[in-house]
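**Q** My questions will all concern the structure given below.
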Amino acid sequence: MKGMANHYRIEILFSIAAQEGITLEDIVRTLGANEKTIGEHTRRLFQAGLIDKRYKGKFVAHKLSPYGKTFVRFLESFRRTQ
């Protein structure tokens with residue numbers, strides 16, 4: 001849970017939930033952040049089992065894993081209560 005304290009990781013999960021198959025470049029554009037930073041955060045989300053990656057040529061498409069979908073629903077429950 002400590003690893004999810006970073007706001008970029010939470011926003012990355014929401015971005016992937018909103019657009020399955022989103023690429024790293026699209027996530028960077030959506031969040032307006034540095035590509036190296038977002039790349040590192042997506043790597044850690046993948047290691048944590050929250051996202052899956054699919055290679056499409058030189059691009060990597062991201063989608064939520066089943067665990068990631070559950071976690072995003074959990075996070076969204078906090079959005080609704082505020």
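Ordering of the structure tokens sets the chain letters (A, B, ...); residue numbers start at 1 within each chain; ligands are numbered from 1 in the order shown.
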Do you know which residues are at most 12 Å from Arg44 (chain A) counting only C-alpha atoms, after dropping those on the same chain fewer than 6 positions away, and could you put them as a ChimeraX atom specification?

**A** /A:3-4,6,8-10,12-13,37-38,50-52

**Q** Please provide the set of residues having any atom within 12 Å of Lys69 (chain A), restricted to only C-alpha atoms, with same-chain residues fewer than 5 positions apart removed, written as a JSON list (two decimals) with N, CA and C atoms, in the first residue's frame.

**A**
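Listing of part.json after writing:
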```json
[["chain", "number", "residue", "atom", "x", "y", "z"],
["A", 13, "LEU", "N", -3.08, 4.77, -12.84],
["A", 13, "LEU", "CA", -4.11, 3.74, -12.77],
["A", 13, "LEU", "C", -5.45, 4.26, -13.30],
["A", 14, "PHE", "N", -5.83, 5.47, -12.91],
["A", 14, "PHE", "CA", -7.08, 6.05, -13.41],
["A", 14, "PHE", "C", -7.03, 6.26, -14.92],
["A", 16, "ILE", "N", -5.27, 4.50, -17.11],
["A", 16, "ILE", "CA", -5.36, 3.19, -17.76],
["A", 16, "ILE", "C", -6.79, 2.65, -17.66],
["A", 17, "ALA", "N", -7.45, 2.89, -16.53],
["A", 17, "ALA", "CA", -8.84, 2.45, -16.37],
["A", 17, "ALA", "C", -9.75, 3.15, -17.37],
["A", 18, "ALA", "N", -9.47, 4.42, -17.64],
["A", 18, "ALA", "CA", -10.30, 5.20, -18.56],
["A", 18, "ALA", "C", -10.06, 4.83, -20.02],
["A", 20, "GLU", "N", -8.24, 1.64, -21.79],
["A", 20, "GLU", "CA", -7.46, 0.40, -21.87],
["A", 20, "GLU", "C", -6.65, 0.39, -23.15],
["A", 49, "GLY", "N", 1.79, -6.03, -9.88],
["A", 49, "GLY", "CA", 0.68, -6.83, -10.39],
["A", 49, "GLY", "C", -0.59, -6.03, -10.63],
["A", 50, "LEU", "N", -0.49, -4.70, -10.68],
["A", 50, "LEU", "CA", -1.67, -3.86, -10.88],
["A", 50, "LEU", "C", -1.98, -3.59, -12.35],
["A", 51, "ILE", "N", -0.96, -3.67, -13.20],
["A", 51, "ILE", "CA", -1.19, -3.46, -14.63],
["A", 51, "ILE", "C", -0.52, -4.56, -15.43],
["A", 52, "ASP", "N", -1.03, -4.76, -16.62],
["A", 52, "ASP", "CA", -0.45, -5.69, -17.59],
["A", 52, "ASP", "C", 0.06, -4.87, -18.77],
["A", 63, "LYS", "N", -2.93, -2.12, -19.64],
["A", 63, "LYS", "CA", -4.29, -2.35, -19.17],
["A", 63, "LYS", "C", -4.22, -2.78, -17.72],
["A", 64, "LEU", "N", -5.33, -2.61, -17.02],
["A", 64, "LEU", "CA", -5.39, -3.02, -15.63],
["A", 64, "LEU", "C", -5.45, -4.54, -15.54],
["A", 74, "PHE", "N", -11.63, 0.31, -5.52],
["A", 74, "PHE", "CA", -11.39, 0.71, -4.13],
["A", 74, "PHE", "C", -11.03, 2.20, -4.06],
["A", 75, "LEU", "N", -10.11, 2.65, -4.93],
["A", 75, "LEU", "CA", -9.71, 4.05, -4.94],
["A", 75, "LEU", "C", -10.87, 4.96, -5.32],
["A", 76, "GLU", "N", -11.68, 4.52, -6.28],
["A", 76, "GLU", "CA", -12.83, 5.33, -6.71],
["A", 76, "GLU", "C", -13.85, 5.50, -5.58]]
```

**Q** Could you state the separation of CA of Ile27 (chain A) and CA of Phe71 (chain A) in Å, given to one decimal place?

**A**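 Between these atoms lies a distance of 18.7 Å.
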
**Q** To test your reading of the structure, identify every residue in region 19-74 of chain A that backbone DSSP assigns to helix (DSSP H, G or I), and report it as a ChimeraX atom specification.

**A** /A:24-31,35-47,66-74

**Q** For the residues selected in the previous step, produce a file with N, CA and C atoms as an mmCIF file, in the first residue's frame.

**A**
```cif
data_model
loop_
_atom_site.group_PDB
_atom_site.id
_atom_site.type_symbol
_atom_site.label_atom_id
_atom_site.label_comp_id
_atom_site.auth_asym_id
_atom_site.auth_seq_id
_atom_site.Cartn_x
_atom_site.Cartn_y
_atom_site.Cartn_z
ATOM 1 N N LEU A 24 2.511 4.490 -23.045
ATOM 2 C CA LEU A 24 3.280 5.338 -22.143
ATOM 3 C C LEU A 24 3.259 6.788 -22.625
ATOM 4 N N GLU A 25 3.398 6.974 -23.927
ATOM 5 C CA GLU A 25 3.396 8.317 -24.497
ATOM 6 C C GLU A 25 2.077 9.034 -24.209
ATOM 7 N N ASP A 26 0.969 8.302 -24.310
ATOM 8 C CA ASP A 26 -0.347 8.896 -24.025
ATOM 9 C C ASP A 26 -0.510 9.214 -22.538
ATOM 10 N N ILE A 27 0.019 8.355 -21.686
ATOM 11 C CA ILE A 27 -0.042 8.618 -20.240
ATOM 12 C C ILE A 27 0.765 9.871 -19.913
ATOM 13 N N VAL A 28 1.953 9.990 -20.489
ATOM 14 C CA VAL A 28 2.808 11.161 -20.266
ATOM 15 C C VAL A 28 2.070 12.423 -20.706
ATOM 16 N N ARG A 29 1.447 12.369 -21.876
ATOM 17 C CA ARG A 29 0.714 13.520 -22.402
ATOM 18 C C ARG A 29 -0.474 13.861 -21.506
ATOM 19 N N THR A 30 -1.192 12.862 -21.055
ATOM 20 C CA THR A 30 -2.364 13.076 -20.205
ATOM 21 C C THR A 30 -1.983 13.723 -18.879
ATOM 22 N N LEU A 31 -0.897 13.239 -18.287
ATOM 23 C CA LEU A 31 -0.501 13.731 -16.969
ATOM 24 C C LEU A 31 0.438 14.930 -17.031
ATOM 25 N N GLU A 35 8.661 11.647 -19.073
ATOM 26 C CA GLU A 35 8.537 10.262 -19.547
ATOM 27 C C GLU A 35 9.316 9.273 -18.674
ATOM 28 N N LYS A 36 10.498 9.654 -18.211
ATOM 29 C CA LYS A 36 11.288 8.749 -17.359
ATOM 30 C C LYS A 36 10.548 8.486 -16.035
ATOM 31 N N THR A 37 9.957 9.536 -15.481
ATOM 32 C CA THR A 37 9.223 9.404 -14.222
ATOM 33 C C THR A 37 8.031 8.476 -14.392
ATOM 34 N N ILE A 38 7.241 8.714 -15.416
ATOM 35 C CA ILE A 38 6.048 7.891 -15.651
ATOM 36 C C ILE A 38 6.454 6.470 -16.010
ATOM 37 N N GLY A 39 7.516 6.308 -16.778
ATOM 38 C CA GLY A 39 8.010 4.974 -17.116
ATOM 39 C C GLY A 39 8.386 4.180 -15.872
ATOM 40 N N GLU A 40 9.046 4.834 -14.933
ATOM 41 C CA GLU A 40 9.425 4.157 -13.684
ATOM 42 C C GLU A 40 8.183 3.780 -12.874
ATOM 43 N N HIS A 41 7.223 4.670 -12.812
ATOM 44 C CA HIS A 41 6.001 4.372 -12.054
ATOM 45 C C HIS A 41 5.202 3.239 -12.704
ATOM 46 N N THR A 42 5.115 3.217 -14.034
ATOM 47 C CA THR A 42 4.403 2.106 -14.680
ATOM 48 C C THR A 42 5.140 0.791 -14.465
ATOM 49 N N ARG A 43 6.465 0.846 -14.451
ATOM 50 C CA ARG A 43 7.249 -0.371 -14.186
ATOM 51 C C ARG A 43 6.919 -0.920 -12.797
ATOM 52 N N ARG A 44 6.840 -0.032 -11.824
ATOM 53 C CA ARG A 44 6.536 -0.469 -10.454
ATOM 54 C C ARG A 44 5.098 -0.975 -10.321
ATOM 55 N N LEU A 45 4.174 -0.346 -11.042
ATOM 56 C CA LEU A 45 2.784 -0.828 -11.030
ATOM 57 C C LEU A 45 2.704 -2.222 -11.657
ATOM 58 N N PHE A 46 3.486 -2.447 -12.704
ATOM 59 C CA PHE A 46 3.556 -3.768 -13.337
ATOM 60 C C PHE A 46 4.133 -4.795 -12.369
ATOM 61 N N GLN A 47 5.216 -4.430 -11.692
ATOM 62 C CA GLN A 47 5.835 -5.336 -10.715
ATOM 63 C C GLN A 47 4.883 -5.665 -9.571
ATOM 64 N N PRO A 66 -6.610 -7.929 -13.308
ATOM 65 C CA PRO A 66 -7.798 -8.125 -12.468
ATOM 66 C C PRO A 66 -7.626 -7.500 -11.078
ATOM 67 N N TYR A 67 -6.451 -7.647 -10.501
ATOM 68 C CA TYR A 67 -6.169 -7.034 -9.194
ATOM 69 C C TYR A 67 -6.189 -5.507 -9.306
ATOM 70 N N GLY A 68 -5.652 -4.979 -10.404
ATOM 71 C CA GLY A 68 -5.653 -3.541 -10.637
ATOM 72 C C GLY A 68 -7.061 -2.985 -10.747
ATOM 73 N N LYS A 69 -7.951 -3.729 -11.420
ATOM 74 C CA LYS A 69 -9.355 -3.291 -11.534
ATOM 75 C C LYS A 69 -10.006 -3.212 -10.157
ATOM 76 N N THR A 70 -9.741 -4.189 -9.332
ATOM 77 C CA THR A 70 -10.282 -4.186 -7.969
ATOM 78 C C THR A 70 -9.725 -3.004 -7.188
ATOM 79 N N PHE A 71 -8.443 -2.754 -7.352
ATOM 80 C CA PHE A 71 -7.801 -1.663 -6.619
ATOM 81 C C PHE A 71 -8.340 -0.303 -7.068
ATOM 82 N N VAL A 72 -8.570 -0.130 -8.372
ATOM 83 C CA VAL A 72 -9.120 1.130 -8.877
ATOM 84 C C VAL A 72 -10.537 1.331 -8.344
ATOM 85 N N ARG A 73 -11.340 0.285 -8.279
ATOM 86 C CA ARG A 73 -12.690 0.415 -7.694
ATOM 87 C C ARG A 73 -12.595 0.869 -6.242
ATOM 88 N N PHE A 74 -11.627 0.312 -5.518
ATOM 89 C CA PHE A 74 -11.391 0.712 -4.132
ATOM 90 C C PHE A 74 -11.030 2.200 -4.058
#
```

**Q** I need the strand (DSSP E or B) residues of chain A per DSSP on the backbone, written as a count of residues only.

**A** 14

**Q** For CA of Gly57 (chain A) and CA of His7 (chain A), determine how far apart the two atoms are, in Å to one decimal place.

**A**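 A separation of 29.4 Å between them.
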
**Q** Please, what distance in Å, to one decimal, runs between CA of Lys58 (chain A) and CA of Ala33 (chain A)?

**A**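 Interatomic distance, CA of Lys58 (chain A) to CA of Ala33 (chain A): 20.5 Å.
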